[in-house]
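So this one's upload_2.json, JSON, C-alpha atoms:
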[["chain", "number", "residue", "atom", "x", "y", "z"],
["A", 1, "MET", "CA", 71.31, 91.29, 91.31],
["A", 2, "LYS", "CA", 69.98, 93.38, 88.43],
["A", 3, "ARG", "CA", 67.08, 95.69, 88.87],
["A", 4, "ASN", "CA", 64.34, 95.98, 86.26],
["A", 5, "GLY", "CA", 64.82, 99.75, 86.10],
["A", 6, "ASP", "CA", 68.52, 99.32, 85.31],
["A", 7, "THR", "CA", 67.81, 96.91, 82.47],
["A", 8, "LYS", "CA", 64.96, 99.06, 81.20],
["A", 9, "ARG", "CA", 67.15, 102.18, 81.28],
["A", 10, "ARG", "CA", 69.89, 100.49, 79.20],
["A", 11, "ARG", "CA", 67.30, 99.23, 76.73],
["A", 12, "ASN", "CA", 65.78, 102.73, 76.42],
["A", 13, "VAL", "CA", 69.20, 104.29, 75.82],
["A", 14, "ALA", "CA", 69.99, 101.70, 73.15],
["A", 15, "GLU", "CA", 66.57, 102.14, 71.51],
["A", 16, "GLU", "CA", 66.96, 105.92, 71.56],
["A", 17, "ALA", "CA", 70.32, 105.65, 69.79],
["A", 18, "GLU", "CA", 68.94, 103.18, 67.20],
["A", 19, "GLN", "CA", 65.91, 105.32, 66.42],
["A", 20, "GLY", "CA", 68.02, 108.39, 65.81],
["A", 21, "GLY", "CA", 66.58, 110.18, 68.83],
["A", 22, "GLY", "CA", 70.06, 111.31, 69.78],
["A", 23, "GLU", "CA", 72.36, 113.34, 67.60],
["A", 24, "ASP", "CA", 75.28, 111.02, 68.30],
["A", 25, "PRO", "CA", 74.73, 107.27, 68.90],
["A", 26, "ALA", "CA", 78.35, 106.96, 70.07],
["A", 27, "MET", "CA", 77.61, 109.50, 72.80],
["A", 28, "TRP", "CA", 74.67, 107.40, 74.02],
["A", 29, "GLU", "CA", 76.77, 104.23, 73.95],
["A", 30, "ASN", "CA", 79.49, 105.99, 75.92],
["A", 31, "LEU", "CA", 76.97, 107.21, 78.50],
["A", 32, "ASP", "CA", 75.50, 103.73, 78.77],
["A", 33, "ARG", "CA", 78.95, 102.20, 79.30],
["A", 34, "ASN", "CA", 79.81, 104.79, 81.95],
["A", 35, "PHE", "CA", 76.49, 104.29, 83.75],
["A", 36, "ARG", "CA", 77.27, 100.57, 83.90],
["A", 37, "GLN", "CA", 80.65, 101.40, 85.48],
["A", 38, "VAL", "CA", 78.91, 103.58, 88.06],
["A", 39, "GLN", "CA", 76.38, 100.81, 88.73],
["A", 40, "SER", "CA", 79.23, 98.35, 89.28],
["A", 41, "VAL", "CA", 80.74, 100.58, 91.98],
["A", 42, "LEU", "CA", 77.32, 101.08, 93.58],
["A", 43, "ASP", "CA", 76.77, 97.32, 93.61],
["A", 44, "ARG", "CA", 80.15, 96.88, 95.30],
["A", 45, "ASN", "CA", 79.13, 99.50, 97.87],
["A", 46, "ARG", "CA", 75.93, 97.59, 98.57],
["A", 47, "SER", "CA", 78.02, 94.49, 99.23],
["A", 48, "LEU", "CA", 80.44, 96.39, 101.47],
["A", 49, "ILE", "CA", 77.59, 97.84, 103.51],
["A", 50, "GLN", "CA", 76.12, 94.37, 103.98],
["A", 51, "GLN", "CA", 79.52, 93.05, 105.12],
["A", 52, "VAL", "CA", 79.91, 95.94, 107.57],
["A", 53, "ASN", "CA", 76.43, 95.28, 108.97],
["A", 54, "ASP", "CA", 77.09, 91.56, 109.29],
["A", 55, "ASN", "CA", 80.41, 92.19, 111.03],
["A", 56, "HIS", "CA", 78.82, 94.70, 113.39],
["A", 57, "GLN", "CA", 75.99, 92.35, 114.30],
["A", 58, "SER", "CA", 78.43, 89.52, 115.04],
["A", 59, "ARG", "CA", 80.04, 91.67, 117.77],
["A", 60, "MET", "CA", 83.28, 89.72, 117.31],
["A", 61, "ALA", "CA", 86.40, 91.82, 117.79],
["A", 62, "ASP", "CA", 88.09, 90.45, 114.65],
["A", 63, "ASN", "CA", 85.04, 91.24, 112.49],
["A", 64, "MET", "CA", 84.70, 94.70, 113.99],
["A", 65, "SER", "CA", 88.33, 95.48, 113.15],
["A", 66, "LYS", "CA", 87.72, 94.33, 109.54],
["A", 67, "ASN", "CA", 85.09, 97.05, 109.28],
["A", 68, "VAL", "CA", 87.79, 99.73, 109.31],
["A", 69, "ALA", "CA", 89.16, 98.59, 105.94],
["A", 70, "LEU", "CA", 85.66, 97.98, 104.56],
["A", 71, "ILE", "CA", 84.51, 101.46, 105.51],
["A", 72, "GLN", "CA", 87.68, 102.99, 104.03],
["A", 73, "GLU", "CA", 86.98, 101.19, 100.75],
["A", 74, "LEU", "CA", 83.37, 102.36, 100.89],
["A", 75, "ASN", "CA", 84.47, 105.97, 101.40],
["A", 76, "GLY", "CA", 86.88, 105.70, 98.46],
["A", 77, "ASN", "CA", 84.13, 104.25, 96.30],
["A", 78, "ILE", "CA", 81.80, 107.10, 97.18],
["A", 79, "SER", "CA", 84.45, 109.56, 95.98],
["A", 80, "LYS", "CA", 84.79, 107.54, 92.76],
["A", 81, "VAL", "CA", 81.05, 107.67, 92.16],
["A", 82, "VAL", "CA", 80.98, 111.44, 92.69],
["A", 83, "ASN", "CA", 83.82, 111.85, 90.18],
["A", 84, "MET", "CA", 82.19, 109.46, 87.71],
["A", 85, "TYR", "CA", 78.88, 111.34, 87.86],
["A", 86, "SER", "CA", 80.72, 114.63, 87.41],
["A", 87, "ASP", "CA", 82.48, 113.25, 84.33],
["A", 88, "LEU", "CA", 79.18, 111.88, 83.00],
["A", 89, "ASN", "CA", 77.55, 115.26, 83.46],
["A", 90, "THR", "CA", 80.36, 117.02, 81.62],
["A", 91, "SER", "CA", 80.37, 114.45, 78.82],
["A", 92, "PHE", "CA", 76.61, 114.55, 78.39],
["A", 93, "ALA", "CA", 76.44, 118.34, 78.45],
["A", 94, "SER", "CA", 79.24, 118.76, 75.91],
["A", 95, "GLY", "CA", 77.86, 115.98, 73.70],
["A", 96, "PHE", "CA", 74.30, 117.27, 73.88],
["A", 97, "HIS", "CA", 75.16, 120.90, 73.28],
["A", 98, "GLY", "CA", 77.84, 120.03, 70.73],
["A", 99, "GLY", "CA", 75.42, 117.86, 68.78],
["A", 100, "LYS", "CA", 72.79, 120.61, 68.64],
["A", 101, "ASN", "CA", 75.34, 123.15, 67.49],
["A", 102, "GLY", "CA", 76.90, 120.86, 64.91],
["A", 103, "HIS", "CA", 80.05, 120.24, 66.91],
["A", 104, "ASP", "CA", 81.55, 116.85, 67.58],
["A", 105, "GLY", "CA", 79.90, 115.61, 70.78],
["A", 106, "GLY", "CA", 81.32, 112.12, 70.90],
["A", 107, "GLY", "CA", 84.01, 112.79, 73.46],
["A", 108, "ALA", "CA", 84.63, 110.05, 76.00],
["A", 109, "ALA", "CA", 83.85, 110.63, 79.63],
["A", 110, "GLY", "CA", 86.92, 109.76, 81.64],
["A", 111, "THR", "CA", 86.59, 108.07, 84.98],
["A", 112, "ARG", "CA", 88.95, 108.22, 87.88],
["A", 113, "ALA", "CA", 88.23, 104.67, 88.93]]
For the structure just supplied, provide its representation as structure tokens.
Amino acid sequence: MKRNGDTKRRRNVAEEAEQGGGEDPAMWENLDRNFRQVQSVLDRNRSLIQQVNDNHQSRMADNMSKNVALIQELNGNISKVVNMYSDLNTSFASGFHGGKNGHDGGGAAGTRA
């Protein structure tokens, strides 16, 4: 399920890059790609949370025991998102400041996914 804000944000990033509003269009494309990766993990988390809730409401022992693995995956995904946002922040800051100072700011943000 896509949200209007998510689609609008991607369109604004693409338009900004096309209109020359950013110093480095490749930097904006990289940020857009990385935000989509983050959104994918967040969407998976939404699904995991729904599964955990469904299993909990069923009150069946087998479903409750499945929640252990689901919650472990959710915790791992939260760590991934934190790392991805940290990498995005670093990439954006270096690209933004590098572009203003004439340095190459097109470095890729690595993810630990």
Task: Å distance separating CA of Pro25 (chain A) from CA of Asn83 (chain A), one decimal place - done: 23.6 Å
Open item on the list: So that I can see what lies close to Gln50 (chain A), please list as a VMD selection string the residues with an atom at most 12 Å from it, counting only C-alpha atoms and leaving out residues fewer than 4 positions away in the same chain.
Closed with: chain A and resid 43 to 46 54 to 57 67 70 to 71 74
Would you export the selected residues with C-alpha atoms as a short mmCIF file (atom, residue, chain, number, x, y, z; two decimals), in the coordinates of the input, please?
data_model
loop_
_atom_site.label_atom_id
_atom_site.label_comp_id
_atom_site.auth_asym_id
_atom_site.auth_seq_id
_atom_site.Cartn_x
_atom_site.Cartn_y
_atom_site.Cartn_z
CA ASP A 43 76.77 97.32 93.61
CA ARG A 44 80.15 96.88 95.30
CA ASN A 45 79.13 99.50 97.87
CA ARG A 46 75.93 97.59 98.57
CA ASP A 54 77.09 91.56 109.29
CA ASN A 55 80.41 92.19 111.03
CA HIS A 56 78.82 94.70 113.39
CA GLN A 57 75.99 92.35 114.30
CA ASN A 67 85.09 97.05 109.28
CA LEU A 70 85.66 97.98 104.56
CA ILE A 71 84.51 101.46 105.51
CA LEU A 74 83.37 102.36 100.89
#
Task: Selection near Asn77 (chain A), 9 Å with only C-alpha atoms, sequence-local residues under 5 positions removed, as a PyMOL selection string - done: chain A and resi 41-42+44-45+72+82+113
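For the pair CA of Ser40 (chain A) and CA of His97 (chain A), the interatomic distance is 27.9 Å.
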Task: Between CA of Val81 (chain A) and CA of Val38 (chain A), distance in Å (one decimal) - done: 6.2 Å
